[in-house]
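Novice: Structure supplied as upload.cif; contents: mmCIF, N, CA and C atoms.
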data_entry
loop_
_atom_site.group_PDB
_atom_site.id
_atom_site.type_symbol
_atom_site.label_atom_id
_atom_site.label_comp_id
_atom_site.auth_asym_id
_atom_site.auth_seq_id
_atom_site.Cartn_x
_atom_site.Cartn_y
_atom_site.Cartn_z
ATOM 1 N N MET A 1 33.280 -15.346 71.878
ATOM 2 C CA MET A 1 34.233 -15.762 70.878
ATOM 3 C C MET A 1 35.611 -15.873 71.528
ATOM 4 N N PRO A 2 36.292 -17.015 71.377
ATOM 5 C CA PRO A 2 37.587 -17.189 72.032
ATOM 6 C C PRO A 2 38.655 -16.277 71.426
ATOM 7 N N GLU A 3 39.567 -15.900 72.284
ATOM 8 C CA GLU A 3 40.644 -15.018 71.848
ATOM 9 C C GLU A 3 41.774 -15.844 71.250
ATOM 10 N N ARG A 4 42.318 -15.389 70.133
ATOM 11 C CA ARG A 4 43.447 -16.044 69.478
ATOM 12 C C ARG A 4 44.696 -15.227 69.721
ATOM 13 N N TYR A 5 45.827 -15.909 69.865
ATOM 14 C CA TYR A 5 47.099 -15.257 70.101
ATOM 15 C C TYR A 5 48.048 -15.548 68.950
ATOM 16 N N THR A 6 49.064 -14.708 68.802
ATOM 17 C CA THR A 6 50.037 -14.910 67.727
ATOM 18 C C THR A 6 50.911 -16.115 68.043
ATOM 19 N N ARG A 7 51.642 -16.555 67.047
ATOM 20 C CA ARG A 7 52.498 -17.723 67.183
ATOM 21 C C ARG A 7 53.604 -17.491 68.215
ATOM 22 N N ASN A 8 54.048 -16.238 68.387
ATOM 23 C CA ASN A 8 55.147 -15.936 69.296
ATOM 24 C C ASN A 8 54.710 -15.761 70.747
ATOM 25 N N THR A 9 53.417 -15.733 71.012
ATOM 26 C CA THR A 9 52.926 -15.535 72.375
ATOM 27 C C THR A 9 53.119 -16.812 73.182
ATOM 28 N N LEU A 10 53.743 -16.681 74.345
ATOM 29 C CA LEU A 10 53.998 -17.834 75.204
ATOM 30 C C LEU A 10 53.027 -17.923 76.377
ATOM 31 N N GLU A 11 52.619 -16.746 76.905
ATOM 32 C CA GLU A 11 51.684 -16.755 78.022
ATOM 33 C C GLU A 11 50.840 -15.490 77.997
ATOM 34 N N CYS A 12 49.726 -15.541 78.720
ATOM 35 C CA CYS A 12 48.815 -14.401 78.771
ATOM 36 C C CYS A 12 48.208 -14.320 80.169
ATOM 37 N N THR A 13 47.594 -13.217 80.470
ATOM 38 C CA THR A 13 46.887 -13.035 81.735
ATOM 39 C C THR A 13 45.396 -13.214 81.471
ATOM 40 N N ALA A 14 44.769 -14.105 82.228
ATOM 41 C CA ALA A 14 43.346 -14.385 82.033
ATOM 42 C C ALA A 14 42.737 -14.830 83.356
ATOM 43 N N TRP A 15 41.410 -14.871 83.400
ATOM 44 C CA TRP A 15 40.689 -15.317 84.592
ATOM 45 C C TRP A 15 40.861 -16.820 84.757
ATOM 46 N N CYS A 16 41.155 -17.234 85.992
ATOM 47 C CA CYS A 16 41.310 -18.659 86.291
ATOM 48 C C CYS A 16 40.247 -19.049 87.308
ATOM 49 N N ASN A 17 39.465 -20.078 86.996
ATOM 50 C CA ASN A 17 38.415 -20.524 87.907
ATOM 51 C C ASN A 17 38.985 -21.179 89.159
ATOM 52 N N LYS A 18 40.135 -21.849 89.050
ATOM 53 C CA LYS A 18 40.754 -22.472 90.221
ATOM 54 C C LYS A 18 41.290 -21.421 91.186
ATOM 55 N N CYS A 19 41.955 -20.397 90.638
ATOM 56 C CA CYS A 19 42.540 -19.338 91.467
ATOM 57 C C CYS A 19 41.510 -18.296 91.878
ATOM 58 N N ARG A 20 40.391 -18.251 91.172
ATOM 59 C CA ARG A 20 39.353 -17.236 91.381
ATOM 60 C C ARG A 20 39.921 -15.831 91.210
ATOM 61 N N GLY A 21 40.718 -15.654 90.157
ATOM 62 C CA GLY A 21 41.286 -14.338 89.876
ATOM 63 C C GLY A 21 42.105 -14.366 88.593
ATOM 64 N N MET A 22 42.682 -13.222 88.274
ATOM 65 C CA MET A 22 43.526 -13.122 87.091
ATOM 66 C C MET A 22 44.872 -13.770 87.374
ATOM 67 N N SER A 23 45.347 -14.618 86.467
ATOM 68 C CA SER A 23 46.630 -15.288 86.633
ATOM 69 C C SER A 23 47.237 -15.564 85.261
ATOM 70 N N GLN A 24 48.476 -15.996 85.264
ATOM 71 C CA GLN A 24 49.186 -16.292 84.026
ATOM 72 C C GLN A 24 48.743 -17.650 83.486
ATOM 73 N N HIS A 25 48.526 -17.707 82.175
ATOM 74 C CA HIS A 25 48.144 -18.945 81.500
ATOM 75 C C HIS A 25 49.095 -19.185 80.342
ATOM 76 N N ARG A 26 49.391 -20.436 80.078
ATOM 77 C CA ARG A 26 50.206 -20.816 78.933
ATOM 78 C C ARG A 26 49.362 -20.674 77.674
ATOM 79 N N VAL A 27 50.003 -20.346 76.550
ATOM 80 C CA VAL A 27 49.307 -20.265 75.269
ATOM 81 C C VAL A 27 49.727 -21.469 74.434
ATOM 82 N N ASP A 28 48.748 -22.297 74.056
ATOM 83 C CA ASP A 28 48.991 -23.505 73.257
ATOM 84 C C ASP A 28 48.322 -23.350 71.906
ATOM 85 N N GLY A 29 49.110 -23.328 70.830
ATOM 86 C CA GLY A 29 48.556 -23.276 69.483
ATOM 87 C C GLY A 29 47.675 -22.067 69.235
ATOM 88 N N GLY A 30 48.035 -20.928 69.808
ATOM 89 C CA GLY A 30 47.256 -19.722 69.601
ATOM 90 C C GLY A 30 46.050 -19.580 70.507
ATOM 91 N N ARG A 31 45.790 -20.552 71.379
ATOM 92 C CA ARG A 31 44.647 -20.500 72.297
ATOM 93 C C ARG A 31 45.148 -20.532 73.733
ATOM 94 N N ARG A 32 44.360 -19.984 74.638
ATOM 95 C CA ARG A 32 44.736 -19.961 76.046
ATOM 96 C C ARG A 32 44.745 -21.375 76.598
ATOM 97 N N GLY A 33 45.850 -21.734 77.252
ATOM 98 C CA GLY A 33 46.003 -23.064 77.830
ATOM 99 C C GLY A 33 45.790 -23.044 79.334
ATOM 100 N N PRO A 34 46.369 -24.007 80.046
ATOM 101 C CA PRO A 34 46.165 -24.110 81.491
ATOM 102 C C PRO A 34 46.900 -23.026 82.270
ATOM 103 N N CYS A 35 46.463 -22.835 83.490
ATOM 104 C CA CYS A 35 47.061 -21.847 84.391
ATOM 105 C C CYS A 35 48.454 -22.325 84.794
ATOM 106 N N ILE A 36 49.425 -21.420 84.773
ATOM 107 C CA ILE A 36 50.788 -21.780 85.165
ATOM 108 C C ILE A 36 51.168 -21.121 86.480
ATOM 109 N N ASP A 37 50.190 -20.583 87.184
ATOM 110 C CA ASP A 37 50.446 -19.946 88.468
ATOM 111 C C ASP A 37 50.721 -21.019 89.517
ATOM 112 N N ALA A 38 51.646 -20.743 90.411
ATOM 113 C CA ALA A 38 52.032 -21.723 91.437
ATOM 114 C C ALA A 38 51.074 -21.763 92.619
ATOM 115 N N LYS A 39 49.983 -21.013 92.584
ATOM 116 C CA LYS A 39 49.032 -20.986 93.696
ATOM 117 C C LYS A 39 48.304 -22.307 93.881
ATOM 118 N N HIS A 40 48.048 -22.985 92.804
ATOM 119 C CA HIS A 40 47.342 -24.261 92.910
ATOM 120 C C HIS A 40 48.172 -25.356 92.250
ATOM 121 N N PRO A 41 48.187 -26.548 92.851
ATOM 122 C CA PRO A 41 48.978 -27.644 92.286
ATOM 123 C C PRO A 41 48.332 -28.185 91.010
ATOM 124 N N VAL A 42 49.172 -28.624 90.109
ATOM 125 C CA VAL A 42 48.711 -29.215 88.858
ATOM 126 C C VAL A 42 48.857 -30.729 88.973
ATOM 127 N N GLN A 43 47.774 -31.444 88.715
ATOM 128 C CA GLN A 43 47.816 -32.897 88.783
ATOM 129 C C GLN A 43 48.615 -33.411 87.603
ATOM 130 N N GLU A 44 49.657 -34.177 87.897
ATOM 131 C CA GLU A 44 50.535 -34.658 86.839
ATOM 132 C C GLU A 44 49.875 -35.732 85.983
ATOM 133 N N LEU A 45 49.192 -36.676 86.625
ATOM 134 C CA LEU A 45 48.560 -37.774 85.905
ATOM 135 C C LEU A 45 47.075 -37.839 86.245
ATOM 136 N N THR A 46 46.284 -38.300 85.291
ATOM 137 C CA THR A 46 44.876 -38.520 85.568
ATOM 138 C C THR A 46 44.727 -39.806 86.372
ATOM 139 N N LYS A 47 43.545 -40.045 86.901
ATOM 140 C CA LYS A 47 43.317 -41.259 87.692
ATOM 141 C C LYS A 47 43.504 -42.512 86.839
ATOM 142 N N ALA A 48 43.075 -42.452 85.581
ATOM 143 C CA ALA A 48 43.238 -43.604 84.685
ATOM 144 C C ALA A 48 44.721 -43.867 84.415
ATOM 145 N N GLN A 49 45.497 -42.800 84.232
ATOM 146 C CA GLN A 49 46.925 -42.967 83.992
ATOM 147 C C GLN A 49 47.626 -43.521 85.228
ATOM 148 N N GLU A 50 47.236 -43.068 86.430
ATOM 149 C CA GLU A 50 47.816 -43.598 87.659
ATOM 150 C C GLU A 50 47.502 -45.083 87.815
ATOM 151 N N GLU A 51 46.256 -45.464 87.533
ATOM 152 C CA GLU A 51 45.862 -46.874 87.635
ATOM 153 C C GLU A 51 46.638 -47.726 86.636
ATOM 154 N N ARG A 52 46.790 -47.224 85.416
ATOM 155 C CA ARG A 52 47.554 -47.944 84.398
ATOM 156 C C ARG A 52 49.007 -48.127 84.837
ATOM 157 N N ARG A 53 49.596 -47.087 85.433
ATOM 158 C CA ARG A 53 50.985 -47.174 85.903
ATOM 159 C C ARG A 53 51.110 -48.205 87.022
ATOM 160 N N ARG A 54 50.154 -48.214 87.969
ATOM 161 C CA ARG A 54 50.179 -49.202 89.050
ATOM 162 C C ARG A 54 50.046 -50.617 88.501
ATOM 163 N N LYS A 55 49.167 -50.789 87.516
ATOM 164 C CA LYS A 55 48.968 -52.110 86.915
ATOM 165 C C LYS A 55 50.246 -52.580 86.226
ATOM 166 N N GLU A 56 50.926 -51.699 85.505
ATOM 167 C CA GLU A 56 52.177 -52.061 84.839
ATOM 168 C C GLU A 56 53.258 -52.419 85.851
ATOM 169 N N GLU A 57 53.321 -51.692 86.975
ATOM 170 C CA GLU A 57 54.298 -52.004 88.013
ATOM 171 C C GLU A 57 54.026 -53.371 88.631
ATOM 172 N N ARG A 58 52.722 -53.692 88.865
ATOM 173 C CA ARG A 58 52.370 -55.016 89.401
ATOM 174 C C ARG A 58 52.778 -56.116 88.435
ATOM 175 N N GLU A 59 52.565 -55.899 87.133
ATOM 176 C CA GLU A 59 52.915 -56.906 86.143
ATOM 177 C C GLU A 59 54.423 -57.095 86.050
ATOM 178 N N LEU A 60 55.169 -56.034 86.234
ATOM 179 C CA LEU A 60 56.636 -56.170 86.221
ATOM 180 C C LEU A 60 57.139 -56.983 87.412
ATOM 181 N N ARG A 61 56.482 -56.801 88.556
ATOM 182 C CA ARG A 61 56.882 -57.547 89.748
ATOM 183 C C ARG A 61 56.479 -59.017 89.649
ATOM 184 N N SER A 62 55.334 -59.301 89.071
ATOM 185 C CA SER A 62 54.872 -60.687 88.918
ATOM 186 C C SER A 62 54.303 -60.867 87.524
ATOM 187 N N PRO A 63 55.156 -61.083 86.543
ATOM 188 C CA PRO A 63 54.692 -61.197 85.149
ATOM 189 C C PRO A 63 53.808 -62.431 84.925
ATOM 190 N N ARG A 64 52.909 -62.296 83.963
ATOM 191 C CA ARG A 64 52.058 -63.415 83.595
ATOM 192 C C ARG A 64 52.869 -64.403 82.759
ATOM 193 N N LEU A 65 52.506 -65.663 82.831
ATOM 194 C CA LEU A 65 53.243 -66.678 82.065
ATOM 195 C C LEU A 65 52.846 -66.650 80.596
ATOM 196 N N PHE A 66 51.584 -66.413 80.310
ATOM 197 C CA PHE A 66 51.131 -66.452 78.925
ATOM 198 C C PHE A 66 50.411 -65.201 78.569
#
Could I get this file's structure written as structure tokens?
Specialist:
Amino acid sequence: MPERYTRNTLECTAWCNKCRGMSQHRVDGGRRGPCIDAKHPVQELTKAQEERRRKEERELRSPRLF
């Protein structure tokens, strides 16, 4: 059963599979969120978002006529 946190809780200590140990996690909406430990980098964008950004940049450089 998942653990719920109060509205005022900002972070908690929990097991992280990436860090392979106990680390600080953000609390989102009363539930444990992603790890905020600086040991492992957090990917800012997904691959789909990166591809979409590249496509938009290409279109800005050479816009379509129609």
Novice: Grab the atom N of Gln24 (chain A) to atom C of Thr9 (chain A) distance for me, in Å with one decimal place.
Specialist: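 Atom-to-atom, atom N of Gln24 (chain A) and atom C of Thr9 (chain A) are spaced 13.0 Å apart.
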Novice: Any idea what's packed within 8 Å of Thr6 (chain A), counting all atoms listed in the file, ignoring anything in its chain fewer than 6 positions away? Could you give it as a ChimeraX atom specification?
Specialist: /A:29-31
Novice: Counting only C-alpha atoms, what is within 10 Å of Ile36 (chain A), bar same-chain residues fewer than 2 positions away, as a list in words?
Specialist: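 The filter keeps Glu11, Cys12, Ser23, Gln24, His25, Arg26, Gly33, Pro34, Ala38, Lys39, His40, Pro41 and Val42 of chain A.
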Novice: Using the chain letters and numbers from this document, which residues of chain A does DSSP assign to strand (DSSP E or B), as a PyMOL selection string?
Specialist: chain A and resi 11-16+21-28+31-35
Novice: Could you tell me how far CA of Arg32 (chain A) sits from CA of Asn8 (chain A), in Å to one decimal place?
Specialist: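 Going from CA of Asn8 (chain A) over to CA of Arg32 (chain A) covers 13.0 Å.
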Novice: For CA of Gln49 (chain A) and CA of Arg20 (chain A), determine how far apart the two atoms are, in Å to one decimal place.
Specialist: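 For CA of Gln49 (chain A) relative to CA of Arg20 (chain A), the distance reads 27.8 Å.
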Novice: Run DSSP on the backbone and tell me which residues of chain A come out as alpha helix (DSSP H); list them as a list in words.
Specialist: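 DSSP on the backbone gives alpha helix (DSSP H) at Lys47, Ala48, Gln49, Glu50, Glu51, Arg52, Arg53, Arg54, Lys55, Glu56, Glu57, Arg58, Glu59, Leu60 and Arg61 of chain A.
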